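Structure below is query-v6.cif: mmCIF, C-alpha atoms and all ligand atoms.
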```cif
data_protein
#
loop_
_atom_site.group_PDB
_atom_site.id
_atom_site.type_symbol
_atom_site.label_atom_id
_atom_site.label_comp_id
_atom_site.auth_asym_id
_atom_site.auth_seq_id
_atom_site.Cartn_x
_atom_site.Cartn_y
_atom_site.Cartn_z
ATOM 1 C CA MET V 1 18.046 -24.873 108.078
ATOM 2 C CA ALA V 2 17.878 -22.445 105.145
ATOM 3 C CA LEU V 3 18.977 -18.861 105.754
ATOM 4 C CA THR V 4 16.103 -16.407 105.374
ATOM 5 C CA GLY V 5 15.954 -12.648 105.630
ATOM 6 C CA ARG V 6 14.033 -9.495 104.801
ATOM 7 C CA CYS V 7 14.175 -5.731 104.537
ATOM 8 C CA ALA V 8 13.013 -3.500 107.397
ATOM 9 C CA CYS V 9 9.480 -2.944 105.991
ATOM 10 C CA ARG V 10 9.025 -6.668 105.109
ATOM 11 C CA ALA V 11 8.148 -5.923 101.452
ATOM 12 C CA ILE V 12 11.108 -8.008 100.253
ATOM 13 C CA THR V 13 11.895 -11.372 101.753
ATOM 14 C CA TYR V 14 14.501 -13.857 100.628
ATOM 15 C CA ARG V 15 15.829 -17.308 101.193
ATOM 16 C CA LEU V 16 19.218 -18.817 100.410
ATOM 17 C CA ARG V 17 18.966 -22.305 98.950
ATOM 18 C CA ALA V 18 22.593 -23.180 99.771
ATOM 19 C CA LYS V 19 25.223 -22.342 102.350
ATOM 20 C CA PRO V 20 27.257 -19.230 101.569
ATOM 21 C CA LEU V 21 30.565 -19.916 99.807
ATOM 22 C CA ILE V 22 32.233 -17.732 102.381
ATOM 23 C CA VAL V 23 31.299 -15.013 104.842
ATOM 24 C CA HIS V 24 33.256 -11.744 104.562
ATOM 25 C CA ALA V 25 33.584 -8.968 107.077
ATOM 26 C CA CYS V 26 34.597 -6.075 104.848
ATOM 27 C CA HIS V 27 36.135 -2.994 106.440
ATOM 28 C CA CYS V 28 36.520 -0.993 103.206
ATOM 29 C CA ARG V 29 35.391 2.631 103.048
ATOM 30 C CA ASP V 30 32.587 1.884 100.570
ATOM 31 C CA CYS V 31 31.089 -0.720 102.896
ATOM 32 C CA GLN V 32 31.466 1.574 105.883
ATOM 33 C CA ARG V 33 29.751 4.390 104.028
ATOM 34 C CA ILE V 34 26.807 2.502 102.528
ATOM 35 C CA THR V 35 26.068 0.721 105.795
ATOM 36 C CA GLY V 36 26.804 3.765 107.947
ATOM 37 C CA SER V 37 28.712 1.390 110.180
ATOM 38 C CA ALA V 38 32.174 0.015 110.998
ATOM 39 C CA PHE V 39 32.093 -2.878 108.523
ATOM 40 C CA VAL V 40 29.679 -5.022 106.555
ATOM 41 C CA ILE V 41 29.089 -8.752 106.834
ATOM 42 C CA ASN V 42 28.529 -10.255 103.400
ATOM 43 C CA LEU V 43 27.425 -13.756 102.479
ATOM 44 C CA TRP V 44 29.035 -14.592 99.143
ATOM 45 C CA ILE V 45 26.745 -16.993 97.282
ATOM 46 C CA GLU V 46 25.774 -17.994 93.742
ATOM 47 C CA ARG V 47 22.999 -15.755 92.413
ATOM 48 C CA LYS V 48 20.921 -18.813 91.448
ATOM 49 C CA PHE V 49 20.638 -19.785 95.134
ATOM 50 C CA LEU V 50 19.085 -16.468 96.134
ATOM 51 C CA GLU V 51 15.296 -16.718 96.043
ATOM 52 C CA ALA V 52 13.656 -13.328 96.591
ATOM 53 C CA ALA V 53 9.955 -12.530 96.960
ATOM 54 C CA GLY V 54 8.133 -9.207 96.787
ATOM 55 C CA PRO V 55 8.869 -6.191 94.587
ATOM 56 C CA ALA V 56 12.159 -6.201 92.662
ATOM 57 C CA PRO V 57 14.817 -4.314 94.601
ATOM 58 C CA GLN V 58 16.108 -1.036 93.214
ATOM 59 C CA SER V 59 19.801 -0.512 92.620
ATOM 60 C CA PHE V 60 22.534 2.007 92.116
ATOM 61 C CA THR V 61 26.072 1.553 90.824
ATOM 62 C CA LEU V 62 29.258 2.367 92.678
ATOM 63 C CA GLN V 63 32.723 2.297 91.159
ATOM 64 C CA GLY V 64 34.668 -0.044 93.438
ATOM 65 C CA GLY V 65 38.180 0.776 94.626
ATOM 66 C CA SER V 66 39.520 -1.634 92.015
ATOM 67 C CA GLY V 67 37.523 0.144 89.278
ATOM 68 C CA ARG V 68 35.099 -2.771 89.157
ATOM 69 C CA ARG V 69 31.395 -2.078 88.902
ATOM 70 C CA HIS V 70 29.526 -2.592 92.174
ATOM 71 C CA ASP V 71 25.717 -2.685 92.039
ATOM 72 C CA VAL V 72 23.963 -2.229 95.362
ATOM 73 C CA PHE V 73 20.374 -3.503 95.696
ATOM 74 C CA PHE V 74 17.915 -2.063 98.185
ATOM 75 C CA CYS V 75 14.204 -2.067 98.972
ATOM 76 C CA GLY V 76 12.476 0.766 97.119
ATOM 77 C CA ALA V 77 10.054 1.292 100.004
ATOM 78 C CA CYS V 78 12.307 1.313 103.077
ATOM 79 C CA GLY V 79 15.818 1.648 101.602
ATOM 80 C CA THR V 80 17.319 -1.376 103.368
ATOM 81 C CA TYR V 81 20.443 -2.553 101.521
ATOM 82 C CA LEU V 82 19.939 -6.241 100.902
ATOM 83 C CA TRP V 83 22.743 -7.388 98.585
ATOM 84 C CA SER V 84 25.432 -6.351 96.136
ATOM 85 C CA VAL V 85 26.628 -7.673 92.789
ATOM 86 C CA TYR V 86 30.188 -7.060 91.644
ATOM 87 C CA GLY V 87 30.563 -6.782 87.885
ATOM 88 C CA GLY V 88 32.956 -8.649 85.667
ATOM 89 C CA ALA V 89 34.052 -12.102 86.704
ATOM 90 C CA SER V 90 31.703 -12.333 89.673
ATOM 91 C CA ASP V 91 28.485 -11.359 87.894
ATOM 92 C CA ASN V 92 26.940 -14.724 88.806
ATOM 93 C CA PHE V 93 27.281 -14.071 92.525
ATOM 94 C CA VAL V 94 25.563 -11.939 95.117
ATOM 95 C CA PHE V 95 26.872 -10.607 98.401
ATOM 96 C CA VAL V 96 23.965 -10.735 100.842
ATOM 97 C CA ARG V 97 24.103 -8.515 103.939
ATOM 98 C CA ALA V 98 24.094 -10.711 107.027
ATOM 99 C CA GLY V 99 22.378 -8.000 109.068
ATOM 100 C CA THR V 100 19.197 -8.587 107.014
ATOM 101 C CA LEU V 101 18.997 -12.262 108.027
ATOM 102 C CA GLU V 102 16.229 -13.369 110.373
ATOM 103 C CA ARG V 103 19.019 -14.870 112.488
ATOM 104 C CA PRO V 104 22.233 -12.944 111.908
ATOM 105 C CA ALA V 105 23.977 -15.090 114.526
ATOM 106 C CA SER V 106 23.698 -18.113 112.227
ATOM 107 C CA VAL V 107 26.771 -16.912 110.334
ATOM 108 C CA THR V 108 30.216 -15.814 111.507
ATOM 109 C CA PRO V 109 32.802 -14.043 109.345
ATOM 110 C CA ASP V 110 35.297 -16.533 107.868
ATOM 111 C CA VAL V 111 37.697 -13.754 106.896
ATOM 112 C CA HIS V 112 38.174 -10.023 107.488
ATOM 113 C CA ILE V 113 39.141 -7.973 104.433
ATOM 114 C CA PHE V 114 40.314 -4.404 103.746
ATOM 115 C CA THR V 115 41.484 -4.124 107.341
ATOM 116 C CA ARG V 116 43.711 -1.210 106.213
ATOM 117 C CA SER V 117 40.641 0.995 106.754
ATOM 118 C CA LYS V 118 39.373 -0.890 109.813
ATOM 119 C CA LEU V 119 38.303 1.440 112.608
ATOM 120 C CA PRO V 120 40.941 1.373 115.349
ATOM 121 C CA TRP V 121 38.562 0.276 118.120
ATOM 122 C CA VAL V 122 37.402 -2.827 116.202
ATOM 123 C CA VAL V 123 39.318 -5.768 117.653
ATOM 124 C CA LEU V 124 39.568 -8.716 115.260
ATOM 125 C CA PRO V 125 39.034 -12.205 116.691
ATOM 126 C CA GLU V 126 42.076 -14.444 117.134
ATOM 127 C CA GLY V 127 42.518 -17.173 114.580
ATOM 128 C CA VAL V 128 40.297 -15.674 111.871
ATOM 129 C CA PRO V 129 42.231 -14.745 108.710
ATOM 130 C CA ALA V 130 42.491 -10.992 108.097
ATOM 131 C CA PHE V 131 43.925 -9.133 105.116
ATOM 132 C CA ARG V 132 44.821 -5.495 104.531
ATOM 133 C CA SER V 133 43.074 -5.685 101.160
ATOM 134 C CA PHE V 134 41.802 -8.781 99.365
ATOM 135 C CA TYR V 135 43.219 -12.328 99.292
ATOM 136 C CA ARG V 136 43.628 -15.343 97.051
ATOM 137 C CA LEU V 137 40.531 -17.539 97.358
ATOM 138 C CA GLU V 138 42.673 -20.688 97.388
ATOM 139 C CA GLN V 139 44.323 -19.541 100.628
ATOM 140 C CA VAL V 140 41.127 -19.182 102.598
ATOM 141 C CA TRP V 141 38.163 -21.002 101.097
ATOM 142 C CA SER V 142 37.117 -24.519 102.023
ATOM 143 C CA ALA V 143 37.690 -27.233 99.431
ATOM 144 C CA ALA V 144 33.914 -27.621 99.068
ATOM 145 C CA SER V 145 33.429 -23.919 98.277
ATOM 146 C CA LEU V 146 36.324 -23.883 95.812
ATOM 147 C CA GLU V 147 34.783 -26.881 94.116
ATOM 148 C CA ARG V 148 31.464 -25.017 93.706
ATOM 149 C CA LEU V 149 33.470 -22.358 91.892
ATOM 150 C CA GLY V 150 35.293 -24.956 89.789
ATOM 151 C CA ARG V 151 38.632 -24.242 91.476
ATOM 152 C CA ARG V 152 41.140 -26.539 93.132
ATOM 153 C CA PRO V 153 42.523 -25.970 96.609
ATOM 154 C CA ALA V 154 46.098 -24.651 96.697
ATOM 155 C CA ALA V 155 48.772 -27.241 97.331
ATOM 156 C CA THR V 156 50.042 -26.938 100.892
ATOM 157 C CA ARG V 157 53.400 -25.240 100.901
ATOM 158 C CA PRO V 158 56.101 -26.095 103.412
ATOM 159 C CA ARG V 159 56.505 -23.402 106.075
ATOM 160 C CA ALA V 160 60.117 -22.751 105.142
ATOM 161 C CA ALA V 161 59.052 -21.647 101.663
ATOM 162 C CA ARG V 162 56.985 -18.783 103.046
ATOM 163 C CA GLY V 163 57.779 -15.150 103.246
HETATM 164 ZN ZN ZN J 1 11.510 -2.668 102.623
HETATM 165 ZN ZN ZN J 2 33.839 -3.468 101.316
#
```
What does this structure look like when you write it as structure tokens?
Amino acid sequence: MALTGRCACRAITYRLRAKPLIVHACHCRDCQRITGSAFVINLWIERKFLEAAGPAPQSFTLQGGSGRRHDVFFCGACGTYLWSVYGGASDNFVFVRAGTLERPASVTPDVHIFTRSKLPWVVLPEGVPAFRSFYRLEQVWSAASLERLGRRPAATRPRAARG
């Protein structure tokens, strides 16, 4: 079933024509601030698979922690933040806020990022990868998602070679 969502006032609705490449729970300060919450849940997906209806969302630009441009898109009528676009290499992708889905429970975070600013009372689930900042896609993404990006999975390294 396709993932669908909308803003609070229903002016903007959207549909994702593919599965997300990956689902991030981001605990960075920017995400905490713009959501007013402990972390954001983002569906990382190719822009071409996001089909939006209604008035064009408005946007503003944040300078990300890495200095990268971060455009945040929201409904001009109700102010709901719907998705973000990160400039540079990932211009062809959107990060859709899972809280705006009709059924937010249909996705689960695949990875937790920027846990260095995670609120202390948030307990991360066992067995889900978590990183203090970002990570190498090849370490976490499924082969199918890497393939959509034109990347190859990392060769498995023997345990002894770690660390
Ligand atoms: Zn709205
Ligand atoms: Zn973030």
Pull out every residue that the PyMOL selection byres (((chain V and resi 21-36) around 7) and not hetatm) matches in the shown coordinates and put them as a PyMOL selection string.
-> chain V and resi 19-20+37-45+108-115+117-118+141+145
In Å, rounded to a single decimal, give me how far atom CA of V:Glu51 is from atom CA of V:Leu137.
-> 25.3 Å
Per residue of chain V within 8 Å of ligand ZN 1 (chain J), what are the shortest atom pair and its distance in Å to one decimal, counting all atoms listed in the file, with rows by chain and residue number, as a Markdown table?
```
| residue | atom | partner | partner_atom | distance |
| --- | --- | --- | --- | --- |
| V:Arg6 | CA | J:ZN1 | ZN | 7.6 |
| V:Cys7 | CA | J:ZN1 | ZN | 4.5 |
| V:Ala8 | CA | J:ZN1 | ZN | 5.1 |
| V:Cys9 | CA | J:ZN1 | ZN | 3.9 |
| V:Arg10 | CA | J:ZN1 | ZN | 5.3 |
| V:Ala11 | CA | J:ZN1 | ZN | 4.8 |
| V:Ile12 | CA | J:ZN1 | ZN | 5.9 |
| V:Phe74 | CA | J:ZN1 | ZN | 7.8 |
| V:Cys75 | CA | J:ZN1 | ZN | 4.6 |
| V:Gly76 | CA | J:ZN1 | ZN | 6.6 |
| V:Ala77 | CA | J:ZN1 | ZN | 5.0 |
| V:Cys78 | CA | J:ZN1 | ZN | 4.1 |
| V:Gly79 | CA | J:ZN1 | ZN | 6.2 |
| V:Thr80 | CA | J:ZN1 | ZN | 6.0 |
```
Would you mind telling me which residue in V:Ser84, V:Arg116, V:Val94, V:Trp121 lies nearest to V:Ser133 when using only C-alpha atoms?
-> V:Arg116
Selection dump of the PyMOL selection byres (((chain V and resi 3) around 7) and not hetatm), as number ranges by chain = V: 1-2, 4-5, 15-16, 101
